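my_file.cif (mmCIF, C-alpha atoms and all ligand atoms) appears below.
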data_structure
loop_
_atom_site.label_atom_id
_atom_site.label_comp_id
_atom_site.auth_asym_id
_atom_site.auth_seq_id
_atom_site.Cartn_x
_atom_site.Cartn_y
_atom_site.Cartn_z
CA MET A 6 0.00 0.00 0.00
CA ARG A 7 1.26 3.47 -0.91
CA ILE A 8 0.91 6.06 1.83
CA ASN A 9 1.41 9.78 1.43
CA ILE A 10 2.45 11.80 4.42
CA SER A 11 2.28 15.57 4.29
CA ARG A 12 2.45 18.55 6.58
CA ALA A 13 -0.87 19.81 5.25
CA LYS A 14 -2.51 16.52 6.14
CA ILE A 15 -1.11 16.53 9.67
CA LYS A 16 -2.53 20.02 10.17
CA ASP A 17 -5.97 18.83 9.10
CA ASP A 18 -8.51 19.00 11.93
CA PHE A 19 -8.87 15.20 11.91
CA VAL A 20 -6.06 14.70 14.46
CA ALA A 21 -7.50 17.33 16.77
CA LYS A 22 -10.97 15.83 16.43
CA VAL A 23 -9.77 12.29 17.26
CA GLU A 24 -7.84 13.60 20.26
CA LYS A 25 -10.80 15.61 21.47
CA ILE A 26 -13.44 12.89 21.14
CA SER A 27 -11.16 10.21 22.60
CA GLY A 28 -9.54 12.39 25.25
CA GLN A 29 -6.17 10.85 24.34
CA ASN A 30 -2.78 12.35 23.54
CA LEU A 31 -1.76 10.54 20.36
CA LEU A 32 1.85 11.70 20.45
CA ALA A 33 2.40 9.87 23.74
CA CYS A 34 2.58 6.62 21.75
CA TYR A 35 6.13 5.37 21.12
CA GLN A 36 5.07 2.43 18.95
CA CYS A 37 6.10 -0.40 21.24
CA GLY A 38 3.39 -2.61 19.72
CA LYS A 39 2.17 -4.05 23.00
CA CYS A 40 -1.43 -3.12 22.16
CA SER A 41 -1.35 -5.17 18.96
CA ALA A 42 0.51 -8.05 20.61
CA GLY A 43 -2.38 -8.66 22.99
CA CYS A 44 -5.31 -7.78 20.74
CA PRO A 45 -7.50 -10.85 20.13
CA ALA A 46 -8.83 -9.38 16.87
CA VAL A 47 -5.62 -8.76 14.91
CA SER A 48 -6.11 -11.72 12.60
CA GLU A 49 -9.21 -9.96 11.25
CA MET A 50 -7.69 -6.48 11.08
CA ASP A 51 -6.21 -4.62 8.12
CA ILE A 52 -4.55 -1.92 10.24
CA LEU A 53 -3.28 -3.12 13.63
CA PRO A 54 -3.99 -1.18 16.85
CA ASN A 55 -0.49 0.36 17.12
CA GLN A 56 -0.71 1.29 13.44
CA ILE A 57 -4.08 2.92 14.03
CA ILE A 58 -2.40 5.21 16.56
CA ARG A 59 0.48 5.94 14.17
CA TYR A 60 -1.89 6.64 11.28
CA ALA A 61 -3.92 8.92 13.53
CA GLN A 62 -0.78 10.85 14.53
CA LEU A 63 -0.09 11.41 10.84
CA SER A 64 -3.74 12.18 10.07
CA LEU A 65 -4.10 9.38 7.54
CA LYS A 66 -7.78 9.99 7.61
CA ASP A 67 -8.90 8.18 4.45
CA GLU A 68 -7.07 4.99 5.37
CA LEU A 69 -8.51 5.01 8.88
CA LEU A 70 -12.07 5.85 7.91
CA LYS A 71 -12.24 2.99 5.45
CA SER A 72 -10.37 0.43 7.51
CA LYS A 73 -12.02 -2.82 8.56
CA SER A 74 -10.30 -2.74 11.92
CA ILE A 75 -12.48 -0.05 13.47
CA TRP A 76 -15.49 -2.35 13.08
CA ILE A 77 -13.66 -5.49 14.24
CA CYS A 78 -12.50 -4.02 17.52
CA ALA A 79 -14.95 -5.13 20.20
CA SER A 80 -13.74 -2.63 22.83
CA CYS A 81 -12.40 -5.47 24.95
CA LEU A 82 -9.87 -3.07 26.53
CA THR A 83 -6.95 -5.50 26.57
CA CYS A 84 -4.86 -2.91 24.71
CA ASN A 85 -5.79 -0.12 27.11
CA SER A 86 -4.90 -2.17 30.13
CA ARG A 87 -1.45 -3.05 28.75
CA CYS A 88 -0.25 0.18 27.13
CA PRO A 89 2.87 1.32 29.01
CA LYS A 90 2.08 4.93 28.09
CA GLY A 91 -1.45 4.86 29.45
CA ILE A 92 -3.06 5.47 26.09
CA ASN A 93 -6.63 4.30 25.70
CA ILE A 94 -6.42 2.81 22.22
CA ALA A 95 -10.04 1.59 22.28
CA GLU A 96 -11.15 5.19 22.87
CA VAL A 97 -9.17 6.33 19.82
CA ILE A 98 -10.82 3.62 17.72
CA GLU A 99 -14.23 4.63 19.04
CA ALA A 100 -13.51 8.26 18.09
CA ILE A 101 -12.76 7.20 14.51
CA ARG A 102 -16.00 5.20 14.37
CA LEU A 103 -17.89 8.16 15.76
CA ILE A 104 -16.57 10.48 13.07
CA LEU A 105 -18.38 8.25 10.57
CA LEU A 106 -21.43 7.47 12.69
CA ARG A 107 -22.02 11.15 13.39
CA LYS A 108 -22.43 11.58 9.66
CA ARG A 109 -25.03 8.82 9.81
CA GLN A 110 -22.81 6.31 8.07
CA ASP A 111 -24.03 3.32 10.03
CA HIS A 112 -22.05 0.12 9.99
CA LEU A 113 -24.81 -2.18 11.23
CA ARG A 114 -27.83 -2.13 8.94
CA VAL A 115 -30.59 -2.94 11.35
CA GLU A 116 -33.18 -3.03 8.57
CA LYS A 117 -31.24 -5.86 6.95
CA LEU A 118 -31.35 -8.18 9.95
CA THR A 119 -33.58 -11.15 9.25
CA ASP A 120 -36.49 -12.07 11.50
CA GLU A 121 -34.58 -15.18 12.47
CA GLN A 122 -31.59 -13.12 13.59
CA LYS A 123 -33.77 -10.74 15.56
CA GLU A 124 -35.54 -13.64 17.22
CA ASN A 125 -32.46 -15.66 18.12
CA LEU A 126 -30.09 -12.96 19.27
CA PRO A 127 -30.38 -11.95 22.92
CA PRO A 128 -31.26 -8.27 23.63
CA ILE A 129 -27.77 -7.68 25.02
CA ALA A 130 -26.24 -8.51 21.60
CA LEU A 131 -28.60 -6.36 19.56
CA ILE A 132 -28.47 -3.35 21.85
CA SER A 133 -24.69 -3.34 22.20
CA SER A 134 -24.19 -3.74 18.48
CA MET A 135 -26.59 -0.89 17.76
CA ARG A 136 -24.92 1.29 20.39
CA LYS A 137 -21.49 0.77 18.89
CA PHE A 138 -22.28 0.51 15.19
CA THR A 139 -25.19 2.84 14.48
CA SER A 140 -25.71 6.57 14.90
CA MET B 18 -29.37 -8.82 54.64
CA LYS B 19 -31.45 -6.93 52.08
CA ILE B 20 -30.17 -5.73 48.72
CA SER B 21 -31.53 -3.75 45.76
CA TYR B 22 -31.23 -5.61 42.51
CA TYR B 23 -30.89 -4.36 38.95
CA PRO B 24 -31.58 -7.27 36.54
CA GLY B 25 -31.13 -5.74 33.07
CA CYS B 26 -32.92 -6.86 29.91
CA THR B 27 -31.33 -10.18 29.05
CA LEU B 28 -31.80 -11.60 32.54
CA LYS B 29 -35.53 -11.46 31.87
CA ASN B 30 -35.18 -13.22 28.53
CA ASN B 31 -32.43 -15.51 27.26
CA ALA B 32 -30.62 -15.47 30.61
CA LYS B 33 -33.54 -16.39 32.84
CA ASN B 34 -31.34 -19.29 33.99
CA PHE B 35 -28.87 -16.71 35.34
CA GLU B 36 -31.59 -14.87 37.26
CA ASP B 37 -33.53 -17.84 38.61
CA SER B 38 -30.42 -19.64 39.85
CA THR B 39 -29.23 -16.45 41.57
CA LEU B 40 -32.53 -15.75 43.29
CA CYS B 41 -32.73 -19.30 44.59
CA SER B 42 -29.11 -19.22 45.80
CA LEU B 43 -29.51 -15.90 47.59
CA LYS B 44 -32.65 -17.14 49.28
CA HIS B 45 -30.69 -20.10 50.64
CA LEU B 46 -28.07 -17.63 51.87
CA GLY B 47 -30.65 -15.55 53.70
CA VAL B 48 -30.40 -12.51 51.43
CA GLU B 49 -33.56 -10.61 50.66
CA VAL B 50 -33.45 -9.38 47.08
CA GLU B 51 -35.53 -6.38 46.07
CA GLU B 52 -35.83 -5.74 42.36
CA LEU B 53 -35.68 -2.03 41.50
CA PRO B 54 -39.01 -0.55 40.45
CA ARG B 55 -39.19 0.94 36.93
CA TRP B 56 -35.66 0.02 35.92
CA ASN B 57 -34.66 0.57 32.30
CA CYS B 58 -32.02 -0.86 29.97
CA CYS B 59 -28.58 0.50 30.93
CA GLY B 60 -27.48 0.61 27.29
CA THR B 61 -25.20 -2.45 27.71
CA VAL B 62 -21.99 -0.66 26.72
CA PHE B 63 -20.30 2.39 28.23
CA SER B 64 -19.77 5.23 25.80
CA PHE B 65 -16.07 6.18 25.60
CA ALA B 66 -16.41 9.58 23.93
CA THR B 67 -15.58 12.64 26.03
CA ASP B 68 -18.42 14.62 24.44
CA ASP B 69 -21.15 12.00 24.55
CA LEU B 70 -23.31 12.44 27.64
CA ILE B 71 -26.65 11.25 26.31
CA HIS B 72 -25.61 7.61 26.54
CA HIS B 73 -24.95 7.99 30.27
CA VAL B 74 -28.52 9.07 30.96
CA ALA B 75 -29.89 5.50 30.92
CA PRO B 76 -27.48 4.08 33.51
CA ILE B 77 -27.74 7.15 35.76
CA ARG B 78 -31.53 7.00 35.66
CA ASN B 79 -31.32 3.50 37.13
CA LEU B 80 -29.14 4.82 39.94
CA ILE B 81 -31.84 7.40 40.68
CA ARG B 82 -34.25 4.47 41.04
CA VAL B 83 -31.89 3.02 43.63
CA LYS B 84 -32.04 6.24 45.65
CA GLU B 85 -35.82 6.28 45.32
CA SER B 86 -36.00 2.86 46.91
CA ASP B 87 -34.14 4.24 49.94
CA SER B 88 -30.95 2.45 49.17
CA ASP B 89 -27.46 3.53 48.24
CA LYS B 90 -26.27 0.19 47.01
CA VAL B 91 -27.35 -1.95 44.06
CA MET B 92 -26.38 -5.43 42.95
CA THR B 93 -26.18 -6.63 39.34
CA LEU B 94 -25.36 -10.01 37.85
CA CYS B 95 -24.67 -9.22 34.22
CA ALA B 96 -21.03 -8.25 33.62
CA MET B 97 -22.03 -5.72 30.97
CA CYS B 98 -24.65 -3.98 33.13
CA TYR B 99 -22.17 -3.94 35.99
CA ASN B 100 -19.50 -2.33 33.81
CA THR B 101 -21.85 0.25 32.31
CA LEU B 102 -23.51 1.29 35.57
CA LYS B 103 -20.24 1.50 37.43
CA ARG B 104 -18.37 3.43 34.75
CA ALA B 105 -21.22 5.89 34.21
CA ASN B 106 -21.32 6.44 37.95
CA ASN B 107 -17.55 7.00 38.07
CA ARG B 108 -17.79 9.46 35.23
CA VAL B 109 -20.37 11.68 36.95
CA LYS B 110 -18.72 11.28 40.34
CA ASN B 111 -15.41 12.55 38.98
CA ASP B 112 -16.82 15.19 36.68
CA PRO B 113 -19.28 17.64 38.28
CA ASP B 114 -19.90 19.30 34.92
CA SER B 115 -21.19 16.05 33.35
CA LEU B 116 -23.24 15.37 36.46
CA GLU B 117 -24.91 18.76 36.29
CA LYS B 118 -25.74 18.42 32.61
CA ILE B 119 -27.18 14.93 33.06
CA ASN B 120 -29.27 16.06 36.04
CA ASN B 121 -30.55 19.04 34.04
CA PHE B 122 -31.48 16.74 31.22
CA MET B 123 -33.57 14.65 33.62
CA ASP B 124 -35.22 17.59 35.33
CA ARG B 125 -38.48 15.73 35.81
CA GLU B 126 -36.84 13.18 38.07
CA GLU B 127 -37.53 13.93 41.71
CA VAL B 128 -34.10 12.91 42.91
CA GLU B 129 -31.07 14.99 41.98
CA TYR B 130 -28.31 12.44 41.53
CA THR B 131 -25.00 13.03 43.31
CA GLY B 132 -22.94 9.99 42.32
CA ASP B 133 -23.27 8.24 45.65
CA VAL B 134 -24.73 4.85 44.73
CA LYS B 135 -22.43 1.88 45.16
CA ILE B 136 -22.62 -0.67 42.34
CA LEU B 137 -21.83 -4.20 43.40
CA HIS B 138 -21.45 -7.30 41.33
CA LEU B 139 -22.91 -10.46 42.86
CA LEU B 140 -19.39 -11.92 43.04
CA GLU B 141 -18.29 -9.02 45.25
CA LEU B 142 -21.34 -9.47 47.44
CA LEU B 143 -20.48 -13.16 47.85
CA ARG B 144 -16.80 -12.62 48.53
CA ASP B 145 -16.86 -9.45 50.63
CA GLU B 146 -20.21 -9.34 52.40
CA ILE B 147 -21.65 -12.84 52.61
CA LYS B 148 -18.09 -14.26 52.55
CA PHE B 149 -17.03 -17.49 50.92
CA GLU B 150 -16.53 -19.28 54.25
CA ASN B 151 -20.21 -18.74 55.09
CA LEU B 152 -21.20 -19.90 51.64
CA ALA B 153 -19.12 -23.05 52.20
CA LYS B 154 -21.18 -23.85 55.31
CA LYS B 155 -24.37 -23.88 53.23
CA VAL B 156 -23.12 -26.30 50.60
CA VAL B 157 -25.26 -29.45 50.77
CA LYS B 158 -24.22 -31.01 47.47
CA PRO B 159 -20.51 -30.47 46.80
CA LEU B 160 -19.74 -30.42 43.08
CA LYS B 161 -17.27 -33.25 43.52
CA ASN B 162 -15.03 -34.11 40.57
CA LEU B 163 -16.61 -31.49 38.32
CA LYS B 164 -13.82 -29.79 36.39
CA VAL B 165 -14.78 -26.18 35.74
CA ALA B 166 -13.02 -23.67 33.49
CA ASN B 167 -13.90 -20.20 34.75
CA TYR B 168 -14.23 -17.62 32.02
CA TYR B 169 -14.18 -13.91 32.91
CA GLY B 170 -14.23 -12.28 29.50
CA CYS B 171 -13.64 -8.53 29.40
CA LEU B 172 -16.03 -6.40 31.31
CA LEU B 173 -15.87 -7.97 34.72
CA VAL B 174 -12.17 -7.18 35.02
CA ARG B 175 -11.43 -4.26 32.68
CA PRO B 176 -10.77 -1.40 33.04
CA LYS B 177 -8.91 -1.40 36.31
CA GLU B 178 -11.11 1.34 37.81
CA ILE B 179 -14.12 -0.99 37.93
CA GLY B 180 -12.55 -4.43 38.33
CA PHE B 181 -12.66 -6.18 41.67
CA ASP B 182 -9.85 -8.60 40.95
CA ASP B 183 -6.50 -8.75 39.18
CA LEU B 184 -6.64 -7.48 35.57
CA GLU B 185 -4.53 -10.21 34.02
CA ASN B 186 -5.09 -13.09 36.37
CA PRO B 187 -8.39 -12.84 38.21
CA VAL B 188 -9.11 -15.73 40.60
CA ILE B 189 -12.42 -14.90 42.25
CA LEU B 190 -14.36 -17.45 40.18
CA GLU B 191 -11.78 -20.17 40.80
CA ASN B 192 -11.96 -19.50 44.53
CA LEU B 193 -15.72 -19.63 44.38
CA THR B 194 -15.93 -22.88 42.41
CA ALA B 195 -13.44 -24.45 44.82
CA VAL B 196 -15.68 -23.46 47.76
CA LEU B 197 -18.53 -25.26 45.99
CA GLY B 198 -16.44 -28.43 45.95
CA ALA B 199 -15.67 -28.36 42.22
CA GLU B 200 -12.24 -28.52 40.67
CA PRO B 201 -11.30 -25.21 38.99
CA ILE B 202 -9.16 -25.60 35.88
CA ASP B 203 -6.63 -23.02 34.81
CA PHE B 204 -6.51 -22.12 31.12
CA PRO B 205 -4.87 -19.28 29.20
CA TYR B 206 -7.95 -17.75 27.57
CA LYS B 207 -9.94 -16.86 30.66
CA THR B 208 -9.85 -13.10 30.02
CA GLU B 209 -9.75 -13.25 26.20
CA CYS B 210 -12.65 -11.47 24.50
CA CYS B 211 -15.34 -13.72 22.93
CA SER B 212 -15.98 -10.99 20.29
CA ALA B 213 -19.04 -9.72 22.12
CA TYR B 214 -21.55 -7.91 19.87
CA GLN B 215 -19.71 -8.95 16.73
CA THR B 216 -22.06 -11.89 17.05
CA VAL B 217 -24.76 -9.83 15.30
CA ASP B 218 -23.07 -9.19 11.97
CA LYS B 219 -19.94 -11.38 12.11
CA PRO B 220 -20.98 -14.67 13.74
CA GLU B 221 -18.11 -16.46 11.97
CA VAL B 222 -15.59 -14.41 13.97
CA VAL B 223 -17.33 -15.46 17.18
CA ALA B 224 -17.39 -19.12 16.12
CA GLU B 225 -13.63 -18.99 15.59
CA ARG B 226 -12.96 -17.30 18.93
CA THR B 227 -15.29 -19.75 20.68
CA TYR B 228 -13.30 -22.61 19.20
CA HIS B 229 -10.01 -21.32 20.63
CA ILE B 230 -11.40 -20.44 24.04
CA LEU B 231 -13.24 -23.74 24.52
CA THR B 232 -10.61 -26.08 23.12
CA SER B 233 -7.96 -24.42 25.26
CA ALA B 234 -10.11 -25.16 28.33
CA GLN B 235 -10.78 -28.73 27.16
CA GLU B 236 -7.09 -29.37 26.72
CA GLN B 237 -6.67 -28.57 30.40
CA GLY B 238 -9.38 -31.10 31.24
CA ALA B 239 -12.41 -28.84 31.67
CA GLU B 240 -15.81 -30.50 31.56
CA VAL B 241 -17.91 -27.36 31.80
CA MET B 242 -17.28 -23.63 31.49
CA ALA B 243 -18.63 -21.08 33.99
CA VAL B 244 -19.43 -17.52 32.85
CA SER B 245 -20.88 -14.32 34.29
CA CYS B 246 -22.06 -12.49 31.18
CA PRO B 247 -25.15 -13.29 29.09
CA LEU B 248 -23.39 -12.20 25.90
CA CYS B 249 -20.39 -14.44 26.59
CA ALA B 250 -22.87 -17.21 27.42
CA PHE B 251 -24.66 -16.78 24.11
CA ASN B 252 -21.43 -16.66 22.13
CA LEU B 253 -19.69 -19.54 23.88
CA ASP B 254 -22.76 -21.76 24.08
CA HIS B 255 -25.09 -21.06 21.15
CA ARG B 256 -22.35 -20.25 18.65
CA GLN B 257 -20.90 -23.74 19.16
CA LYS B 258 -23.30 -24.70 16.40
CA ASP B 259 -21.27 -22.56 13.97
CA THR B 260 -17.99 -23.69 15.52
CA LEU B 261 -18.89 -27.29 14.84
CA ARG B 262 -19.69 -26.50 11.23
CA LYS B 263 -16.24 -25.02 10.79
CA TYR B 264 -14.34 -27.56 12.90
CA PRO B 265 -16.10 -30.96 12.61
CA GLU B 266 -13.74 -32.55 15.15
CA PHE B 267 -14.75 -30.00 17.80
CA LYS B 268 -16.35 -31.48 20.94
CA ASN B 269 -19.16 -29.47 22.56
CA VAL B 270 -18.65 -28.04 26.04
CA PRO B 271 -21.62 -27.13 28.27
CA VAL B 272 -21.53 -23.48 29.38
CA LEU B 273 -23.16 -22.58 32.69
CA TYR B 274 -23.56 -19.41 34.71
CA PHE B 275 -21.52 -19.52 37.90
CA THR B 276 -24.80 -19.00 39.74
CA GLN B 277 -26.18 -22.27 38.38
CA LEU B 278 -23.22 -24.00 40.00
CA ILE B 279 -23.94 -22.22 43.29
CA ALA B 280 -27.63 -23.14 43.08
CA LEU B 281 -26.74 -26.79 42.49
CA ALA B 282 -24.36 -26.90 45.44
CA LEU B 283 -26.83 -25.18 47.75
CA GLY B 284 -29.53 -27.71 46.91
CA CYS B 285 -31.87 -25.64 44.73
CA ALA B 286 -34.40 -27.58 42.67
CA VAL B 287 -33.29 -28.42 39.16
CA GLU B 288 -36.17 -26.26 37.81
CA ASP B 289 -34.37 -23.22 39.23
CA LEU B 290 -31.42 -23.91 36.94
CA ARG B 291 -33.51 -23.59 33.77
CA LEU B 292 -31.28 -26.06 31.95
CA ASP B 293 -33.70 -25.93 29.03
CA LEU B 294 -32.24 -22.57 27.96
CA HIS B 295 -28.86 -23.99 26.94
CA TYR B 296 -27.77 -24.93 23.47
CA VAL B 297 -25.25 -27.54 24.63
CA ASP B 298 -27.13 -29.63 27.17
CA PRO B 299 -25.35 -29.64 30.55
CA LYS B 300 -27.57 -32.43 31.91
CA PRO B 301 -25.47 -35.44 30.80
CA VAL B 302 -22.33 -34.30 32.60
CA LEU B 303 -24.27 -33.17 35.68
CA LYS B 304 -26.03 -36.54 35.79
CA GLU B 305 -22.78 -38.40 35.36
CA LYS B 306 -21.43 -36.59 38.44
CA GLY B 307 -24.58 -37.41 40.39
CA LEU B 308 -25.51 -33.74 40.72
CA ILE B 309 -28.99 -33.88 39.20
S1 LIG A 401 0.89 -0.07 23.61
FE1 LIG A 401 0.64 2.16 23.78
S2 LIG A 401 2.67 3.04 23.37
FE2 LIG A 401 2.72 0.88 22.68
S3 LIG A 401 2.18 1.02 20.48
FE3 LIG A 401 0.27 0.67 21.58
S4 LIG A 401 -0.55 2.74 21.96
FE4 LIG A 401 1.62 2.96 21.42
S1 LIG A 402 -10.13 -2.98 22.46
FE1 LIG A 402 -10.12 -3.40 20.26
S2 LIG A 402 -8.04 -2.94 19.63
FE2 LIG A 402 -7.98 -3.10 21.82
S3 LIG A 402 -7.37 -5.22 22.22
FE3 LIG A 402 -9.62 -5.17 22.22
S4 LIG A 402 -10.26 -5.64 20.12
FE4 LIG A 402 -8.06 -5.11 20.08
#
Taking this structure as input, can you express it in the form of structure tokens?
Amino acid sequence: MRINISRAKIKDDFVAKVEKISGQNLLACYQCGKCSAGCPAVSEMDILPNQIIRYAQLSLKDELLKSKSIWICASCLTCNSRCPKGINIAEVIEAIRLILLRKRQDHLRVEKLTDEQKENLPPIALISSMRKFTS
Amino acid sequence: MKISYYPGCTLKNNAKNFEDSTLCSLKHLGVEVEELPRWNCCGTVFSFATDDLIHHVAPIRNLIRVKESDSDKVMTLCAMCYNTLKRANNRVKNDPDSLEKINNFMDREEVEYTGDVKILHLLELLRDEIKFENLAKKVVKPLKNLKVANYYGCLLVRPKEIGFDDLENPVILENLTAVLGAEPIDFPYKTECCSAYQTVDKPEVVAERTYHILTSAQEQGAEVMAVSCPLCAFNLDHRQKDTLRKYPEFKNVPVLYFTQLIALALGCAVEDLRLDLHYVDPKPVLKEKGLI
């Protein structure tokens, strides 16, 4: 994959927005990789948790907004609890999701769930999925 | 002892086995349980965003119900409700500005919330208030020779601010199952996420995770798995159907709530366990051990 880094991009308000919504200081990350080492979802991810932080520092907005990883993360908080710099990676990922969800770009299409799915899934599954993946 | 109780939605549906077994066990332990009046869904997940207050209204409204029932303490069973209620409470307790906004939003509530309700998980109540040694005295049917893998998942232990045990190596469930006379089994996936709500649109991811979590426990000799979260229970039990499709050599493992184990040991009737709500039938192994 070809990635372009530029000063103009870094000055884009995306970085500030992610930091504000997540309450995290992205530059605190020194790329040790511990978050990705413990993440149970990496085999399904296209951008790993430590890379998400690096991409966010560099404001690689397009790559992050279309990544699969933000919808694979289940907010299990293993990364947060192990980061030696105290960064809440799950909060950063949630902020990226919210940037899309707040433009009503839902990930879960509730109207597409079949009657069978709605009947078999417990309320706790449906509600949490809607909370995390719809606006 | 009397305690206010917040059930949450799933305990009244798919996880009725969790609720019934708890109520029977607490009755045997002399605890009077009072379900909160007019409780509402807590939202199931805590919102992480700094600027998102609306999603904290639901959990805080439940804490107002606790105050209205003249209590300042509430017990929950579901790991997700516990996490959400406790984190929302911490947020408003530590941030007067959020608290004020949320109270203003709910200006028709008679109680102005101040952040002073204590949220307890049943496991804490058992360990710290009832105490395991007193529970041990009430055991009439020790779960002899039953090898139990105790699965914590995520939200009972993380983040640190809400957990009541070690983050990486919690042992409260092992200590509890040992008190019940069972044999707790150690296995490396006890705090590994089951994929949670991914079960709605990516059941294949859950089936894969279920495979790894359950086979790792089986390799250590586990005969059943004990859980404390209705979403983990659904994923680890009901998704075994998908796991089996992907891995034909996979051997099913019954998944039980830890409270069903307590209820068994305390001599509750088998009807209180609601074993009909399981996908993988726990009856054969319980019969084999002479427990039902
Ligand atoms: S664990 Fe923390 S410091 Fe290390 S790469 Fe991940 S976010 Fe950065
Ligand atoms: S919270 Fe998300 S990124 Fe972090 S370890 Fe869990 S699944 Fe991976």
Contacts to ligand LIG 401 (chain A) at 8 Å cut-off (only C-alpha atoms and all ligand atoms) as a list in words = Ala33, Cys34, Tyr35, Gln36, Cys37, Gly38, Lys39, Cys40, Ser41, Pro54, Asn55, Gln56, Ile58, Arg59, Cys84, Asn85, Arg87, Cys88, Pro89, Lys90, Gly91, Ile92, Asn93 and Ile94 of chain A
task = Check every protein, DNA and RNA residue against ligand LIG 402 (chain A), keep those with an atom at most 8 Å away (counting only C-alpha atoms and all ligand atoms), and present them as a PyMOL selection string.
result = (chain A and resi 40-41+43-47+53-54+75+77-85+94-95+98) or (chain B and resi 210+212)
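Look at everything within 6 Å of (-0.5, 16.5, 10.6) using all atoms listed in the file, and the residues you get are Arg12, Lys14, Ile15, Lys16, Leu63 and Ser64 of chain A.
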Check which residues of stretch 35-72 of chain B sit at most 12 Å from stretch 101-123 of chain A using only C-alpha atoms, and return one row each with the closest pair of atoms and their distance in Å to one decimal, ordered by chain and rising number, as CSV.
residue,atom,partner,partner_atom,distance
B:Ser64,CA,A:Leu103,CA,10.6
B:Phe65,CA,A:Leu103,CA,10.2
B:Ala66,CA,A:Leu103,CA,8.4
B:Thr67,CA,A:Leu103,CA,11.4
B:Asp68,CA,A:Leu103,CA,10.8
B:Asp69,CA,A:Leu103,CA,10.1
Include C-alpha atoms and write out the residues we just selected as an mmCIF file, keeping the file's coordinate frame.
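File written: out_11.cif
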data_model
loop_
_atom_site.group_PDB
_atom_site.id
_atom_site.type_symbol
_atom_site.label_atom_id
_atom_site.label_comp_id
_atom_site.auth_asym_id
_atom_site.auth_seq_id
_atom_site.Cartn_x
_atom_site.Cartn_y
_atom_site.Cartn_z
ATOM 1 C CA SER B 64 -19.770 5.230 25.800
ATOM 2 C CA PHE B 65 -16.070 6.180 25.600
ATOM 3 C CA ALA B 66 -16.410 9.580 23.930
ATOM 4 C CA THR B 67 -15.580 12.640 26.030
ATOM 5 C CA ASP B 68 -18.420 14.620 24.440
ATOM 6 C CA ASP B 69 -21.150 12.000 24.550
#
message = One decimal, in Å: what's the spacing between atom CA of B:Arg256 and atom CA of B:Met242?
response =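 Taking atom CA of B:Arg256 as the start and atom CA of B:Met242 as the end point, the length is 14.2 Å.
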ask   = Distance atom CA of A:Ala130-atom CA of A:Glu49, one decimal place?
value =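 Atom CA of A:Glu49 lies at a distance of 20.0 Å from atom CA of A:Ala130.
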query = How many Å separate atom CA of B:Cys285 from atom CA of B:Gly307?
reply =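 Separation of atom CA of B:Cys285 and atom CA of B:Gly307: 14.5 Å.
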task = Starting from chain A, keep only residues with some atom at most 6 Å from an atom of chain B, counting only C-alpha atoms, and report them as a list in words.
result =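 Selected residues: Ile26, Ser27, Ala79, Cys81, Glu96, Pro127, Pro128, Ile129, Ala130, Ser133 and Ser134 of chain A.
With distances restricted to all atoms listed in the file, B:Gly47 is the closest residue to B:Asn151 from B:Ser38, B:Gly47, B:Ile136, B:Tyr296.
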message = Counting all atoms listed in the file, which residue out of B:Arg78, B:Lys135, B:His45, B:Lys258 sits closest to B:Lys155?
response =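 Among the listed residues, the smallest separation from B:Lys155 belongs to B:His45.
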Counting only C-alpha atoms, what is within 10 Å of stretch 120-129 of chain B, bar same-chain residues fewer than 4 positions away, as a PDB file with C-alpha atoms, in the coordinates of the input?
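What landed in result-v8.pdb:
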ATOM      1  CA  LEU B  70     -23.310  12.440  27.640  1.00  0.00           C
ATOM      2  CA  ILE B  71     -26.650  11.250  26.310  1.00  0.00           C
ATOM      3  CA  VAL B  74     -28.520   9.070  30.960  1.00  0.00           C
ATOM      4  CA  ILE B  77     -27.740   7.150  35.760  1.00  0.00           C
ATOM      5  CA  ARG B  78     -31.530   7.000  35.660  1.00  0.00           C
ATOM      6  CA  LEU B  80     -29.140   4.820  39.940  1.00  0.00           C
ATOM      7  CA  ILE B  81     -31.840   7.400  40.680  1.00  0.00           C
ATOM      8  CA  ARG B  82     -34.250   4.470  41.040  1.00  0.00           C
ATOM      9  CA  LYS B  84     -32.040   6.240  45.650  1.00  0.00           C
ATOM     10  CA  GLU B  85     -35.820   6.280  45.320  1.00  0.00           C
ATOM     11  CA  VAL B 109     -20.370  11.680  36.950  1.00  0.00           C
ATOM     12  CA  ASP B 114     -19.900  19.300  34.920  1.00  0.00           C
ATOM     13  CA  SER B 115     -21.190  16.050  33.350  1.00  0.00           C
ATOM     14  CA  LEU B 116     -23.240  15.370  36.460  1.00  0.00           C
TER      15      LEU B 116
END
request  = In the coordinates of the file, take the point (-10.3, -24.9, 31.4) and a cut-off of 10 Å; then, counting all atoms listed in the file, name each qualifying protein, DNA or RNA residue as a list in words.
outcome  =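 It turns out the residues near that spot are Lys164, Val165, Ala166, Asn167, Tyr168, Pro201, Ile202, Asp203, Phe204, Pro205, Tyr206, Lys207, Ile230, Leu231, Thr232, Ser233, Ala234, Gln235, Glu236, Gln237, Gly238, Ala239, Glu240, Val241, Met242 and Ala243 of chain B.
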Give the padded box for stretch 87-104 of chain A as lines of an AutoDock Vina configuration file: axis-aligned, covering all atoms listed in the file, 5 Å on each side, centre and edge lengths in Å to one decimal.
center_x = -7.5
center_y = 3.7
center_z = 21.3
size_x = 30.8
size_y = 23.5
size_z = 26.4
